[in-house]
Amino acid sequence: MTRRAVVIGAGHYLPERIVENAEFEATLETSDEWIRSRSGIERRHFAAEGETTSNMATRAAEAALKAAGRSAADVDAIVVATSTADLTFPSAATMVQAQLGMTSGFAFDVQAVCAGFVYALANANALIASGQAERVLVIGAETFSRIMDWTDRSTCVLFGDGAGALLLEAQEGEGTSDDRGILATDLNSDGRYKDLLYVDGGVSTQNTGHLRMQGNQVFRHAVEKLAKTAHTALERAGVGTQDVDWIVPHQANIRIIQGTAKKMGLPMDKVVVTVQDHGNTSAASIPLALSVGAARGQIKPGDLLVTEAIGGGLAWGAVVLRW
């Protein structure tokens with residue numbers, strides 16, 4: 001028997017304010033057609049004044065707990081993937097812990113930008129596999145609207161805010177690829193590419209900063225690295241692309257999503273796509289897509305999923321799991 005981290009609940013939260021592409025036409029030299037053609041994005045959500053990353057993470061966590069029929073008292077640990085925590089410290093995860101009314105267990109953040117949720121899933125899987133925890137809330141939450149340069153049309157039209165969450169539970173499997181739960185993970189980073197995607201400020205520089213990106217260079221790295229990490233994770237899980245029911249990729253750009261699917265030899269009708277409605281929500285992107293995909297009826301129990309992401313660092317990785 002093998003101890004597996006199995007998804008028993010998924011949930012998400014999106015801020016009320018929906019920003020259509022046309023809104024940017026009043027302040028930038030851009031258009032709905034320009035944004036759609038280059039990114040596939042049609043709209044995104046922006047957090048309201050006073051609405052924070054931890055607030056949204058909590059709402060998503062509550063939805064996941066409800067879907068699983070569990071309460072905060074059943075949770076041993078919370079892992080929040082974010083690059084836009086409310087404060088320098090304490091972690092957003094401990095704030096979620098308090099907001100949920102959870103008075104035991106432990107909570108911490110993971111920061112790997114857009115790859116953050118993949119990293120968080122890998123950490124949660126290790127906690128469960130090692131017996132450190134029975135149930136772990138894994139949350140991706142971001143308020144990227146707070147770090148945008150609103151004069152930079154190449155970046156500010158791409159990002160949005162939101163949160164998604166999964167509740168993982170320890171269950172016994174047979175140790176085969178037919179088991180439900182996380183079957184394999186693959187994590188990578190290469191700090192030599194820092195300048196391709198970063199925020200030009202931080203605590204030690206005493207400057208909040210704005211997001212900066214060399215889009216063409218990120219695209220060049222993304223398709224190759226995403227396809228490779230997905231194949232590595234699939235191989236570790238003992239399955240092939242022919243076994244995959246759904247790719248649930250980081251929702252950054254439709255061209256990256258299409259390019260990765262093509263390189264993996266899988267059709268777009270096996271890809272869960274939400275980028276048109278959410279934009280790039282960084283670490284929230286994958287759990288949002290998982291929750292929406294499940295709510296739509298696309299993702300069903302027993303389906304084999306591969307999810308992959310790349311972000312600043314560069315950091316990238318993939319997770320193979322059976323829903």
# chains A, B, ... in the order shown; residues from 1 in each chain; ligands from 1
call {"tool": "residues_around", "arguments": {"residues": "stretch 38-55 of chain A", "least_positions_apart": "6", "cutoff": "8 Å", "atoms": "only C-alpha atoms", "output": "mmCIF file with N, CA and C atoms, in the first residue's frame"}}
result
data_model
loop_
_atom_site.group_PDB
_atom_site.id
_atom_site.type_symbol
_atom_site.label_atom_id
_atom_site.label_comp_id
_atom_site.auth_asym_id
_atom_site.auth_seq_id
_atom_site.Cartn_x
_atom_site.Cartn_y
_atom_site.Cartn_z
ATOM 1 N N LEU A 14 -13.245 34.738 -6.957
ATOM 2 C CA LEU A 14 -12.857 35.813 -7.857
ATOM 3 C C LEU A 14 -13.477 37.120 -7.366
ATOM 4 N N PRO A 15 -12.714 38.205 -7.350
ATOM 5 C CA PRO A 15 -13.274 39.502 -6.953
ATOM 6 C C PRO A 15 -14.456 39.894 -7.833
ATOM 7 N N GLU A 16 -15.327 40.733 -7.282
ATOM 8 C CA GLU A 16 -16.542 41.116 -8.015
ATOM 9 C C GLU A 16 -16.245 41.941 -9.259
ATOM 10 N N ARG A 17 -15.213 42.787 -9.191
ATOM 11 C CA ARG A 17 -14.964 43.695 -10.305
ATOM 12 C C ARG A 17 -14.364 42.955 -11.500
ATOM 13 N N ILE A 18 -15.068 43.010 -12.621
ATOM 14 C CA ILE A 18 -14.599 42.409 -13.873
ATOM 15 C C ILE A 18 -14.116 43.532 -14.785
ATOM 16 N N VAL A 19 -12.899 43.401 -15.258
ATOM 17 C CA VAL A 19 -12.300 44.423 -16.123
ATOM 18 C C VAL A 19 -12.175 43.869 -17.534
ATOM 19 N N GLU A 20 -13.000 44.377 -18.438
ATOM 20 C CA GLU A 20 -12.933 43.965 -19.839
ATOM 21 C C GLU A 20 -11.749 44.654 -20.514
ATOM 22 N N ASN A 21 -11.262 44.052 -21.593
ATOM 23 C CA ASN A 21 -10.128 44.638 -22.327
ATOM 24 C C ASN A 21 -10.379 46.085 -22.723
ATOM 25 N N ASP A 32 -9.014 45.913 -27.546
ATOM 26 C CA ASP A 32 -9.493 44.577 -27.231
ATOM 27 C C ASP A 32 -8.901 43.562 -28.204
ATOM 28 N N THR A 84 2.244 37.867 -3.570
ATOM 29 C CA THR A 84 1.638 39.151 -3.202
ATOM 30 C C THR A 84 0.936 39.035 -1.857
ATOM 31 N N ALA A 85 1.650 38.553 -0.860
ATOM 32 C CA ALA A 85 1.090 38.417 0.478
ATOM 33 C C ALA A 85 0.710 39.788 1.034
ATOM 34 N N ASP A 86 -0.207 39.793 1.981
ATOM 35 C CA ASP A 86 -0.693 41.046 2.564
ATOM 36 C C ASP A 86 0.449 41.861 3.162
ATOM 37 N N ALA A 92 0.806 34.878 4.643
ATOM 38 C CA ALA A 92 -0.622 34.900 4.310
ATOM 39 C C ALA A 92 -1.303 33.646 4.842
ATOM 40 N N ALA A 93 -0.566 32.535 4.860
ATOM 41 C CA ALA A 93 -1.142 31.265 5.313
ATOM 42 C C ALA A 93 -1.590 31.328 6.764
ATOM 43 N N MET A 95 -2.546 33.984 8.281
ATOM 44 C CA MET A 95 -3.730 34.841 8.290
ATOM 45 C C MET A 95 -4.966 34.053 7.870
ATOM 46 N N VAL A 96 -4.816 33.183 6.882
ATOM 47 C CA VAL A 96 -5.918 32.315 6.465
ATOM 48 C C VAL A 96 -6.294 31.382 7.607
ATOM 49 N N ALA A 141 -3.165 32.218 -4.297
ATOM 50 C CA ALA A 141 -3.921 33.472 -4.215
ATOM 51 C C ALA A 141 -3.008 34.639 -4.566
ATOM 52 N N GLU A 142 -3.518 35.586 -5.354
ATOM 53 C CA GLU A 142 -2.702 36.725 -5.789
ATOM 54 C C GLU A 142 -3.543 37.988 -5.957
ATOM 55 N N THR A 143 -2.909 39.124 -5.666
ATOM 56 C CA THR A 143 -3.452 40.436 -6.033
ATOM 57 C C THR A 143 -2.397 41.145 -6.882
ATOM 58 N N SER A 145 -2.784 42.977 -9.337
ATOM 59 C CA SER A 145 -3.169 44.335 -9.749
ATOM 60 C C SER A 145 -2.443 45.391 -8.909
ATOM 61 N N LEU A 158 -2.267 41.931 -18.836
ATOM 62 C CA LEU A 158 -2.188 40.476 -18.804
ATOM 63 C C LEU A 158 -2.635 39.842 -17.489
ATOM 64 N N PHE A 159 -2.562 40.602 -16.391
ATOM 65 C CA PHE A 159 -2.695 39.983 -15.075
ATOM 66 C C PHE A 159 -4.020 40.294 -14.399
ATOM 67 N N GLY A 160 -4.404 39.392 -13.496
ATOM 68 C CA GLY A 160 -5.629 39.566 -12.735
ATOM 69 C C GLY A 160 -5.472 39.023 -11.327
ATOM 70 N N ASP A 161 -6.528 39.138 -10.539
ATOM 71 C CA ASP A 161 -6.529 38.722 -9.141
ATOM 72 C C ASP A 161 -7.501 37.568 -8.923
ATOM 73 N N GLY A 162 -7.240 36.774 -7.902
ATOM 74 C CA GLY A 162 -8.149 35.685 -7.567
ATOM 75 C C GLY A 162 -7.471 34.658 -6.692
ATOM 76 N N ALA A 163 -8.219 33.595 -6.384
ATOM 77 C CA ALA A 163 -7.688 32.535 -5.529
ATOM 78 C C ALA A 163 -8.370 31.213 -5.844
ATOM 79 N N ALA A 252 -1.366 31.658 -18.575
ATOM 80 C CA ALA A 252 -0.635 32.911 -18.796
ATOM 81 C C ALA A 252 -0.950 33.520 -20.151
ATOM 82 N N ASN A 253 -0.977 32.675 -21.158
ATOM 83 C CA ASN A 253 -1.074 33.157 -22.533
ATOM 84 C C ASN A 253 -1.565 32.001 -23.386
ATOM 85 N N ILE A 254 -2.579 32.220 -24.204
ATOM 86 C CA ILE A 254 -3.147 31.123 -24.985
ATOM 87 C C ILE A 254 -2.130 30.547 -25.961
ATOM 88 N N ARG A 255 -1.199 31.372 -26.428
ATOM 89 C CA ARG A 255 -0.200 30.855 -27.373
ATOM 90 C C ARG A 255 0.776 29.907 -26.687
ATOM 91 N N VAL A 275 -7.972 31.199 -19.325
ATOM 92 C CA VAL A 275 -7.218 32.452 -19.451
ATOM 93 C C VAL A 275 -8.074 33.590 -19.997
ATOM 94 N N GLN A 276 -9.063 33.274 -20.823
ATOM 95 C CA GLN A 276 -9.901 34.312 -21.421
ATOM 96 C C GLN A 276 -10.702 35.071 -20.367
ATOM 97 N N ASP A 277 -11.033 34.428 -19.273
ATOM 98 C CA ASP A 277 -11.877 35.033 -18.249
ATOM 99 C C ASP A 277 -11.116 35.553 -17.030
ATOM 100 N N HIS A 278 -9.923 35.027 -16.801
ATOM 101 C CA HIS A 278 -9.187 35.363 -15.584
ATOM 102 C C HIS A 278 -7.892 36.129 -15.840
ATOM 103 N N GLY A 279 -7.369 36.061 -17.058
ATOM 104 C CA GLY A 279 -6.031 36.590 -17.289
ATOM 105 C C GLY A 279 -5.023 35.727 -16.549
#
call {"tool": "residues_around", "arguments": {"residues": "stretch 296-307 of chain A", "least_positions_apart": "2", "cutoff": "6 Å", "atoms": "only C-alpha atoms", "output": "list in words"}}
result
Val244, Asp245, Trp246, Ile247, Val248, Pro249, Gly293, Ala294, Ala318, Val319, Val320, Leu321, Arg322 and Trp323 of chain A
call {"tool": "closest_atom_pairs", "arguments": {"of": "stretch 50-125 of chain A", "to": "stretch 204-225 of chain A", "cutoff": "12 Å", "atoms": "only C-alpha atoms", "output": "JSON lines"}}
result
{"residue": "A:Ser83", "atom": "CA", "partner": "A:Leu211", "partner_atom": "CA", "distance": 11.2}
{"residue": "A:Thr84", "atom": "CA", "partner": "A:Thr208", "partner_atom": "CA", "distance": 10.9}
{"residue": "A:Leu87", "atom": "CA", "partner": "A:Thr208", "partner_atom": "CA", "distance": 11.7}
{"residue": "A:Thr88", "atom": "CA", "partner": "A:Ser204", "partner_atom": "CA", "distance": 10.8}
{"residue": "A:Val113", "atom": "CA", "partner": "A:Leu211", "partner_atom": "CA", "distance": 11.3}
{"residue": "A:Cys114", "atom": "CA", "partner": "A:Ala222", "partner_atom": "CA", "distance": 11.6}
{"residue": "A:Ala115", "atom": "CA", "partner": "A:Ala222", "partner_atom": "CA", "distance": 11.4}
call {"tool": "select_by_dssp", "arguments": {"residues": "stretch 132-229 of chain A", "states": "alpha helix (DSSP H)", "output": "number ranges by chain"}}
result
A: 215-229
call {"tool": "write_last_selection", "arguments": {"atoms": "N, CA and C atoms", "output": "short mmCIF file (atom, residue, chain, number, x, y, z; two decimals), in the first residue's frame"}}
result
data_model
loop_
_atom_site.label_atom_id
_atom_site.label_comp_id
_atom_site.auth_asym_id
_atom_site.auth_seq_id
_atom_site.Cartn_x
_atom_site.Cartn_y
_atom_site.Cartn_z
N GLY A 215 8.67 39.62 -22.45
CA GLY A 215 7.68 38.65 -22.88
C GLY A 215 8.16 37.65 -23.92
N ASN A 216 8.86 38.12 -24.93
CA ASN A 216 9.33 37.22 -25.99
C ASN A 216 10.29 36.17 -25.45
N GLN A 217 11.17 36.58 -24.53
CA GLN A 217 12.12 35.65 -23.95
C GLN A 217 11.44 34.63 -23.05
N VAL A 218 10.46 35.10 -22.27
CA VAL A 218 9.71 34.17 -21.41
C VAL A 218 8.98 33.15 -22.27
N PHE A 219 8.37 33.60 -23.36
CA PHE A 219 7.67 32.69 -24.27
C PHE A 219 8.63 31.63 -24.81
N ARG A 220 9.83 32.07 -25.18
CA ARG A 220 10.81 31.14 -25.76
C ARG A 220 11.17 30.02 -24.78
N HIS A 221 11.31 30.37 -23.52
CA HIS A 221 11.63 29.36 -22.51
C HIS A 221 10.42 28.52 -22.14
N ALA A 222 9.25 29.14 -22.14
CA ALA A 222 8.07 28.51 -21.56
C ALA A 222 7.67 27.21 -22.25
N VAL A 223 7.49 27.23 -23.55
CA VAL A 223 6.95 26.06 -24.24
C VAL A 223 7.88 24.86 -24.07
N GLU A 224 9.17 25.07 -24.29
CA GLU A 224 10.13 23.97 -24.18
C GLU A 224 10.18 23.42 -22.75
N LYS A 225 10.30 24.32 -21.78
CA LYS A 225 10.45 23.88 -20.38
C LYS A 225 9.18 23.25 -19.85
N LEU A 226 8.02 23.77 -20.22
CA LEU A 226 6.76 23.22 -19.74
C LEU A 226 6.52 21.82 -20.30
N ALA A 227 6.76 21.63 -21.58
CA ALA A 227 6.57 20.31 -22.18
C ALA A 227 7.54 19.30 -21.57
N LYS A 228 8.78 19.73 -21.34
CA LYS A 228 9.79 18.82 -20.78
C LYS A 228 9.45 18.41 -19.36
N THR A 229 9.05 19.39 -18.51
CA THR A 229 8.73 19.04 -17.12
C THR A 229 7.49 18.16 -17.05
#
call {"tool": "atom_distance", "arguments": {"atom1": "atom CA of A:Ala64", "atom2": "atom CA of A:Leu288"}}
result
11.3 Å
call {"tool": "closest_residue", "arguments": {"among": "A:Cys156, A:Ala60, A:Val273, A:Val79", "to": "A:Glu23", "atoms": "only C-alpha atoms"}}
result
A:Cys156
call {"tool": "select_by_dssp", "arguments": {"residues": "stretch 23-195 of chain A", "states": "strand (DSSP E or B)", "output": "PyMOL selection string"}}
result
chain A and resi 43-46+77-81+106-110+135-143+159+161-173+181-189
call {"tool": "closest_residue", "arguments": {"among": "A:Val157, A:Leu196, A:Ala129, A:Leu314", "to": "A:Glu172", "atoms": "only C-alpha atoms"}}
result
A:Ala129
call {"tool": "atom_distance", "arguments": {"atom1": "atom CA of A:Thr241", "atom2": "atom CA of A:Val271"}}
result
12.4 Å
call {"tool": "atom_distance", "arguments": {"atom1": "atom CA of A:Tyr119", "atom2": "atom CA of A:Gly164"}}
result
14.6 Å
call {"tool": "closest_residue", "arguments": {"among": "A:Arg192, A:Arg59, A:His231, A:Arg236", "to": "A:Ala261", "atoms": "only C-alpha atoms"}}
result
A:His231
call {"tool": "closest_residue", "arguments": {"among": "A:Gly238, A:Arg135, A:Ala283, A:Asn125", "to": "A:Asp109", "atoms": "only C-alpha atoms"}}
result
A:Ala283
call {"tool": "closest_residue", "arguments": {"among": "A:Val6, A:Ile286, A:Ala120, A:Val136", "to": "A:Leu183", "atoms": "only C-alpha atoms"}}
result
A:Val6
call {"tool": "closest_residue", "arguments": {"among": "A:Thr103, A:Thr27, A:Ser291, A:Asn188", "to": "A:Ala61", "atoms": "only C-alpha atoms"}}
result
A:Ser291
